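Trainee: Next comes the structure file run-v3.cif, holding mmCIF, N, CA and C atoms.
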```
data_work
loop_
_atom_site.label_atom_id
_atom_site.label_comp_id
_atom_site.auth_asym_id
_atom_site.auth_seq_id
_atom_site.Cartn_x
_atom_site.Cartn_y
_atom_site.Cartn_z
N MET A 6 82.33 -4.00 -48.38
CA MET A 6 81.40 -4.04 -49.49
C MET A 6 82.18 -3.78 -50.77
N PRO A 7 82.23 -4.72 -51.70
CA PRO A 7 82.98 -4.51 -52.92
C PRO A 7 82.32 -3.43 -53.77
N THR A 8 83.16 -2.63 -54.37
CA THR A 8 82.66 -1.57 -55.24
C THR A 8 82.34 -2.16 -56.60
N PRO A 9 81.13 -1.90 -57.14
CA PRO A 9 80.81 -2.43 -58.45
C PRO A 9 81.73 -1.82 -59.50
N SER A 10 81.98 -2.58 -60.54
CA SER A 10 82.86 -2.07 -61.59
C SER A 10 82.15 -0.96 -62.35
N PRO A 11 82.91 0.02 -62.85
CA PRO A 11 82.30 1.12 -63.58
C PRO A 11 81.62 0.63 -64.86
N SER A 12 80.58 1.30 -65.21
CA SER A 12 79.82 0.94 -66.39
C SER A 12 80.43 1.59 -67.63
N ASN A 13 80.15 1.00 -68.78
CA ASN A 13 80.61 1.59 -70.03
C ASN A 13 79.69 2.69 -70.52
N SER A 14 78.52 2.80 -69.94
CA SER A 14 77.58 3.84 -70.32
C SER A 14 77.55 4.92 -69.25
N PRO A 15 77.78 6.17 -69.61
CA PRO A 15 77.80 7.23 -68.60
C PRO A 15 76.46 7.37 -67.88
N GLN A 16 75.36 7.13 -68.57
CA GLN A 16 74.05 7.33 -67.96
C GLN A 16 73.75 6.31 -66.86
N ASP A 17 74.47 5.20 -66.84
CA ASP A 17 74.29 4.21 -65.77
C ASP A 17 74.82 4.72 -64.44
N ASN A 18 75.62 5.79 -64.47
CA ASN A 18 76.27 6.29 -63.27
C ASN A 18 75.70 7.62 -62.78
N VAL A 19 74.61 8.08 -63.36
CA VAL A 19 74.07 9.39 -62.99
C VAL A 19 73.43 9.36 -61.62
N LYS A 20 72.67 8.32 -61.31
CA LYS A 20 71.99 8.26 -60.01
C LYS A 20 72.97 7.75 -58.97
N PRO A 21 73.16 8.51 -57.89
CA PRO A 21 74.11 8.07 -56.87
C PRO A 21 73.54 6.89 -56.08
N ALA A 22 74.44 6.08 -55.59
CA ALA A 22 74.02 5.04 -54.66
C ALA A 22 73.46 5.75 -53.43
N ASP A 23 72.52 5.13 -52.73
CA ASP A 23 71.99 5.77 -51.53
C ASP A 23 73.15 6.01 -50.58
N TYR A 24 73.42 7.25 -50.31
CA TYR A 24 74.62 7.57 -49.54
C TYR A 24 74.59 6.97 -48.14
N LYS A 25 73.42 6.79 -47.57
CA LYS A 25 73.34 6.19 -46.23
C LYS A 25 73.81 4.74 -46.27
N ASP A 26 73.44 4.02 -47.33
CA ASP A 26 73.89 2.63 -47.48
C ASP A 26 75.40 2.56 -47.70
N VAL A 27 75.92 3.51 -48.49
CA VAL A 27 77.36 3.53 -48.75
C VAL A 27 78.12 3.75 -47.45
N PHE A 28 77.65 4.69 -46.64
CA PHE A 28 78.34 4.98 -45.38
C PHE A 28 78.17 3.85 -44.38
N ALA A 29 76.98 3.25 -44.32
CA ALA A 29 76.71 2.19 -43.36
C ALA A 29 77.51 0.93 -43.67
N ALA A 30 77.82 0.70 -44.94
CA ALA A 30 78.53 -0.51 -45.33
C ALA A 30 80.01 -0.47 -44.97
N ARG A 31 80.52 0.70 -44.70
CA ARG A 31 81.94 0.82 -44.38
C ARG A 31 82.13 0.75 -42.87
N GLN A 32 83.24 0.17 -42.44
CA GLN A 32 83.51 0.12 -41.01
C GLN A 32 83.79 1.52 -40.48
N SER A 33 84.41 2.32 -41.29
CA SER A 33 84.61 3.72 -40.92
C SER A 33 84.40 4.56 -42.16
N TYR A 34 83.94 5.76 -41.97
CA TYR A 34 83.77 6.64 -43.10
C TYR A 34 84.31 8.01 -42.74
N THR A 35 84.68 8.73 -43.76
CA THR A 35 85.22 10.06 -43.56
C THR A 35 84.47 11.00 -44.46
N GLN A 36 84.87 12.26 -44.41
CA GLN A 36 84.25 13.23 -45.30
C GLN A 36 84.57 12.93 -46.76
N HIS A 37 85.49 12.01 -47.00
CA HIS A 37 85.90 11.68 -48.36
C HIS A 37 85.15 10.48 -48.93
N THR A 38 84.26 9.86 -48.18
CA THR A 38 83.46 8.75 -48.68
C THR A 38 82.49 9.29 -49.72
N ASP A 39 82.43 8.65 -50.87
CA ASP A 39 81.70 9.21 -52.01
C ASP A 39 80.74 8.19 -52.60
N PRO A 40 79.41 8.44 -52.52
CA PRO A 40 78.47 7.50 -53.12
C PRO A 40 78.50 7.54 -54.65
N CYS A 41 79.20 8.50 -55.22
CA CYS A 41 79.35 8.59 -56.68
C CYS A 41 80.69 8.01 -57.13
N GLU A 42 81.26 7.16 -56.30
CA GLU A 42 82.56 6.58 -56.60
C GLU A 42 82.54 5.80 -57.91
N GLN A 43 81.45 5.11 -58.19
CA GLN A 43 81.36 4.34 -59.43
C GLN A 43 81.43 5.26 -60.65
N ALA A 44 80.77 6.40 -60.59
CA ALA A 44 80.80 7.36 -61.70
C ALA A 44 82.21 7.94 -61.86
N ALA A 45 82.88 8.18 -60.75
CA ALA A 45 84.25 8.71 -60.81
C ALA A 45 85.18 7.69 -61.46
N LYS A 46 85.03 6.43 -61.06
CA LYS A 46 85.87 5.38 -61.64
C LYS A 46 85.58 5.19 -63.12
N ALA A 47 84.31 5.33 -63.50
CA ALA A 47 83.95 5.22 -64.92
C ALA A 47 84.60 6.34 -65.73
N SER A 48 84.67 7.53 -65.16
CA SER A 48 85.33 8.65 -65.83
C SER A 48 86.81 8.37 -66.04
N LEU A 49 87.46 7.89 -65.00
CA LEU A 49 88.89 7.59 -65.11
C LEU A 49 89.14 6.43 -66.07
N SER A 50 88.26 5.45 -66.05
CA SER A 50 88.39 4.33 -66.97
C SER A 50 88.25 4.80 -68.42
N CYS A 51 87.32 5.71 -68.65
CA CYS A 51 87.14 6.28 -69.99
C CYS A 51 88.41 6.99 -70.43
N MET A 52 88.99 7.75 -69.51
CA MET A 52 90.23 8.46 -69.85
C MET A 52 91.34 7.47 -70.22
N ASP A 53 91.44 6.38 -69.48
CA ASP A 53 92.44 5.35 -69.79
C ASP A 53 92.21 4.76 -71.18
N ARG A 54 90.95 4.45 -71.49
CA ARG A 54 90.62 3.84 -72.78
C ARG A 54 90.87 4.79 -73.96
N ASN A 55 90.78 6.08 -73.70
CA ASN A 55 90.88 7.07 -74.79
C ASN A 55 92.18 7.87 -74.75
N ASP A 56 93.21 7.31 -74.16
CA ASP A 56 94.52 7.96 -74.09
C ASP A 56 94.44 9.39 -73.56
N TYR A 57 93.63 9.57 -72.53
CA TYR A 57 93.48 10.84 -71.81
C TYR A 57 93.02 12.00 -72.68
N ASN A 58 92.18 11.68 -73.65
CA ASN A 58 91.55 12.72 -74.46
C ASN A 58 90.22 13.06 -73.80
N ARG A 59 90.19 14.22 -73.12
CA ARG A 59 89.00 14.63 -72.36
C ARG A 59 87.75 14.73 -73.22
N ASP A 60 87.91 15.16 -74.45
CA ASP A 60 86.75 15.37 -75.32
C ASP A 60 85.94 14.08 -75.52
N ASN A 61 86.60 12.94 -75.49
CA ASN A 61 85.91 11.66 -75.68
C ASN A 61 85.16 11.20 -74.43
N CYS A 62 85.39 11.85 -73.30
CA CYS A 62 84.81 11.39 -72.03
C CYS A 62 83.89 12.42 -71.39
N MET A 63 83.49 13.42 -72.12
CA MET A 63 82.67 14.48 -71.54
C MET A 63 81.35 13.95 -70.97
N ASP A 64 80.76 12.93 -71.61
CA ASP A 64 79.52 12.36 -71.10
C ASP A 64 79.73 11.72 -69.72
N PHE A 65 80.88 11.09 -69.51
CA PHE A 65 81.18 10.48 -68.21
C PHE A 65 81.39 11.56 -67.15
N PHE A 66 82.05 12.65 -67.52
CA PHE A 66 82.25 13.74 -66.58
C PHE A 66 80.91 14.37 -66.19
N GLN A 67 80.03 14.54 -67.15
CA GLN A 67 78.72 15.10 -66.86
C GLN A 67 77.90 14.16 -65.98
N ALA A 68 78.01 12.87 -66.22
CA ALA A 68 77.30 11.89 -65.38
C ALA A 68 77.79 12.00 -63.93
N TYR A 69 79.09 12.19 -63.75
CA TYR A 69 79.64 12.34 -62.39
C TYR A 69 79.11 13.62 -61.74
N ARG A 70 79.11 14.70 -62.48
CA ARG A 70 78.59 15.97 -61.94
C ARG A 70 77.11 15.84 -61.58
N ASP A 71 76.34 15.17 -62.43
CA ASP A 71 74.91 14.97 -62.15
C ASP A 71 74.71 14.11 -60.91
N CYS A 72 75.53 13.08 -60.75
CA CYS A 72 75.45 12.21 -59.58
C CYS A 72 75.76 13.01 -58.32
N LYS A 73 76.83 13.79 -58.35
CA LYS A 73 77.22 14.60 -57.20
C LYS A 73 76.12 15.59 -56.83
N LYS A 74 75.54 16.21 -57.84
CA LYS A 74 74.47 17.18 -57.60
C LYS A 74 73.27 16.50 -56.95
N ALA A 75 72.89 15.33 -57.44
CA ALA A 75 71.75 14.59 -56.87
C ALA A 75 72.05 14.19 -55.43
N TRP A 76 73.29 13.78 -55.15
CA TRP A 76 73.66 13.38 -53.81
C TRP A 76 73.57 14.56 -52.85
N LEU A 77 74.12 15.69 -53.25
CA LEU A 77 74.10 16.86 -52.38
C LEU A 77 72.67 17.35 -52.15
N GLU A 78 71.83 17.29 -53.17
CA GLU A 78 70.43 17.67 -52.99
C GLU A 78 69.72 16.72 -52.03
N GLN A 79 70.02 15.43 -52.13
CA GLN A 79 69.42 14.44 -51.23
C GLN A 79 69.84 14.71 -49.79
N ARG A 80 71.11 15.00 -49.57
CA ARG A 80 71.60 15.30 -48.22
C ARG A 80 70.94 16.57 -47.69
N ARG A 81 70.83 17.57 -48.54
CA ARG A 81 70.22 18.85 -48.15
C ARG A 81 68.76 18.64 -47.73
N GLU A 82 68.02 17.86 -48.51
CA GLU A 82 66.62 17.58 -48.19
C GLU A 82 66.50 16.81 -46.87
N ASP A 83 67.40 15.86 -46.65
CA ASP A 83 67.38 15.10 -45.40
C ASP A 83 67.64 16.01 -44.20
N ARG A 84 68.59 16.91 -44.31
CA ARG A 84 68.88 17.83 -43.21
C ARG A 84 67.69 18.75 -42.93
N ARG A 85 67.07 19.25 -43.99
CA ARG A 85 65.92 20.14 -43.82
C ARG A 85 64.74 19.42 -43.17
N ALA A 86 64.59 18.13 -43.48
CA ALA A 86 63.49 17.35 -42.92
C ALA A 86 63.81 16.82 -41.52
N GLY A 87 65.02 17.07 -41.05
CA GLY A 87 65.41 16.63 -39.71
C GLY A 87 65.86 15.19 -39.64
N ARG A 88 66.04 14.55 -40.80
CA ARG A 88 66.54 13.18 -40.81
C ARG A 88 68.04 13.21 -40.60
N PRO A 89 68.56 12.26 -39.83
CA PRO A 89 70.01 12.25 -39.60
C PRO A 89 70.78 11.90 -40.86
N THR A 90 71.92 12.54 -41.02
CA THR A 90 72.82 12.23 -42.14
C THR A 90 74.13 11.75 -41.54
N PRO A 91 74.77 10.79 -42.19
CA PRO A 91 76.03 10.25 -41.65
C PRO A 91 77.12 11.31 -41.54
N ILE A 92 77.15 12.22 -42.50
CA ILE A 92 78.21 13.25 -42.48
C ILE A 92 77.58 14.59 -42.69
#
```
Show how you would write the structure in this file as structure tokens.
Mentor:
Amino acid sequence: MPTPSPSNSPQDNVKPADYKDVFAARQSYTQHTDPCEQAAKASLSCMDRNDYNRDNCMDFFQAYRDCKKAWLEQRREDRRAGRPTPI
């Protein structure tokens, strides 16, 4: 499954991809498979565009943190409800 290119807007990367779809699309997955990969790539792309000035990319970093938080909450809710989680 090709990874979509990172967005230029940090808010486009706040909602994580459904982690079950991300894991199911890969032939193998590990604990390092990340449904917030697009947000991470957008953060790194921002750093590249801004000559590694962190202050210019804080919105992208926050979008990644928000995505990660939403993903972990979704996994936690699934486990509590007894739904299987890939990892």
Trainee: Quick one: residues within 7 Å of Asp64 (chain A), only N, CA and C atoms counted, chain neighbours fewer than 5 positions away excluded, as JSON, numbers by chain?
Mentor: {"A": [15, 16, 69]}
Trainee: Could you check how far CA of Leu49 (chain A) sits from CA of Glu82 (chain A), in Å to one decimal?
Mentor: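 If I compute the distance from CA of Leu49 (chain A) to CA of Glu82 (chain A), I get 29.7 Å.
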Trainee: Looking at A:Arg54, A:Ala44, A:Arg80, A:Gly87, which one is nearest to Phe66 (chain A), with distances taken over all atoms listed in the file?
Mentor: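 Ranked by minimum distance to Phe66 (chain A), first place goes to A:Ala44.
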Trainee: Evaluated on this file, the PyMOL selection byres ((chain A and resi 45) around 8) picks out some residues - which ones are they, written as a CSV table (one decimal) with N, CA and C atoms, keeping the file's coordinate frame?
Mentor:
```csv
chain,number,residue,atom,x,y,z
A,11,PRO,N,82.9,0.0,-62.8
A,11,PRO,CA,82.3,1.1,-63.6
A,11,PRO,C,81.6,0.6,-64.9
A,18,ASN,N,75.6,5.8,-64.5
A,18,ASN,CA,76.3,6.3,-63.3
A,18,ASN,C,75.7,7.6,-62.8
A,40,PRO,N,79.4,8.4,-52.5
A,40,PRO,CA,78.5,7.5,-53.1
A,40,PRO,C,78.5,7.5,-54.6
A,41,CYS,N,79.2,8.5,-55.2
A,41,CYS,CA,79.4,8.6,-56.7
A,41,CYS,C,80.7,8.0,-57.1
A,42,GLU,N,81.3,7.2,-56.3
A,42,GLU,CA,82.6,6.6,-56.6
A,42,GLU,C,82.5,5.8,-57.9
A,43,GLN,N,81.4,5.1,-58.2
A,43,GLN,CA,81.4,4.3,-59.4
A,43,GLN,C,81.4,5.3,-60.6
A,44,ALA,N,80.8,6.4,-60.6
A,44,ALA,CA,80.8,7.4,-61.7
A,44,ALA,C,82.2,7.9,-61.9
A,46,LYS,N,85.0,6.4,-61.1
A,46,LYS,CA,85.9,5.4,-61.6
A,46,LYS,C,85.6,5.2,-63.1
A,47,ALA,N,84.3,5.3,-63.5
A,47,ALA,CA,84.0,5.2,-64.9
A,47,ALA,C,84.6,6.3,-65.7
A,48,SER,N,84.7,7.5,-65.2
A,48,SER,CA,85.3,8.6,-65.8
A,48,SER,C,86.8,8.4,-66.0
A,49,LEU,N,87.5,7.9,-65.0
A,49,LEU,CA,88.9,7.6,-65.1
A,49,LEU,C,89.1,6.4,-66.1
A,50,SER,N,88.3,5.4,-66.0
A,50,SER,CA,88.4,4.3,-67.0
A,50,SER,C,88.2,4.8,-68.4
A,51,CYS,N,87.3,5.7,-68.6
A,51,CYS,CA,87.1,6.3,-70.0
A,51,CYS,C,88.4,7.0,-70.4
A,65,PHE,N,80.9,11.1,-69.5
A,65,PHE,CA,81.2,10.5,-68.2
A,65,PHE,C,81.4,11.6,-67.2
A,66,PHE,N,82.0,12.6,-67.5
A,66,PHE,CA,82.2,13.7,-66.6
A,66,PHE,C,80.9,14.4,-66.2
A,68,ALA,N,78.0,12.9,-66.2
A,68,ALA,CA,77.3,11.9,-65.4
A,68,ALA,C,77.8,12.0,-63.9
A,69,TYR,N,79.1,12.2,-63.8
A,69,TYR,CA,79.6,12.3,-62.4
A,69,TYR,C,79.1,13.6,-61.7
A,70,ARG,N,79.1,14.7,-62.5
A,70,ARG,CA,78.6,16.0,-61.9
A,70,ARG,C,77.1,15.8,-61.6
```
Trainee: In Å to one decimal, how far is atom N of Glu78 (chain A) from atom C of Asn58 (chain A)?
Mentor: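 The value is 28.0 Å.
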Trainee: To one decimal place, how far is atom N of Asn61 (chain A) from atom C of Leu77 (chain A) in Å?
Mentor: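 Going from atom N of Asn61 (chain A) over to atom C of Leu77 (chain A), I get 27.5 Å.
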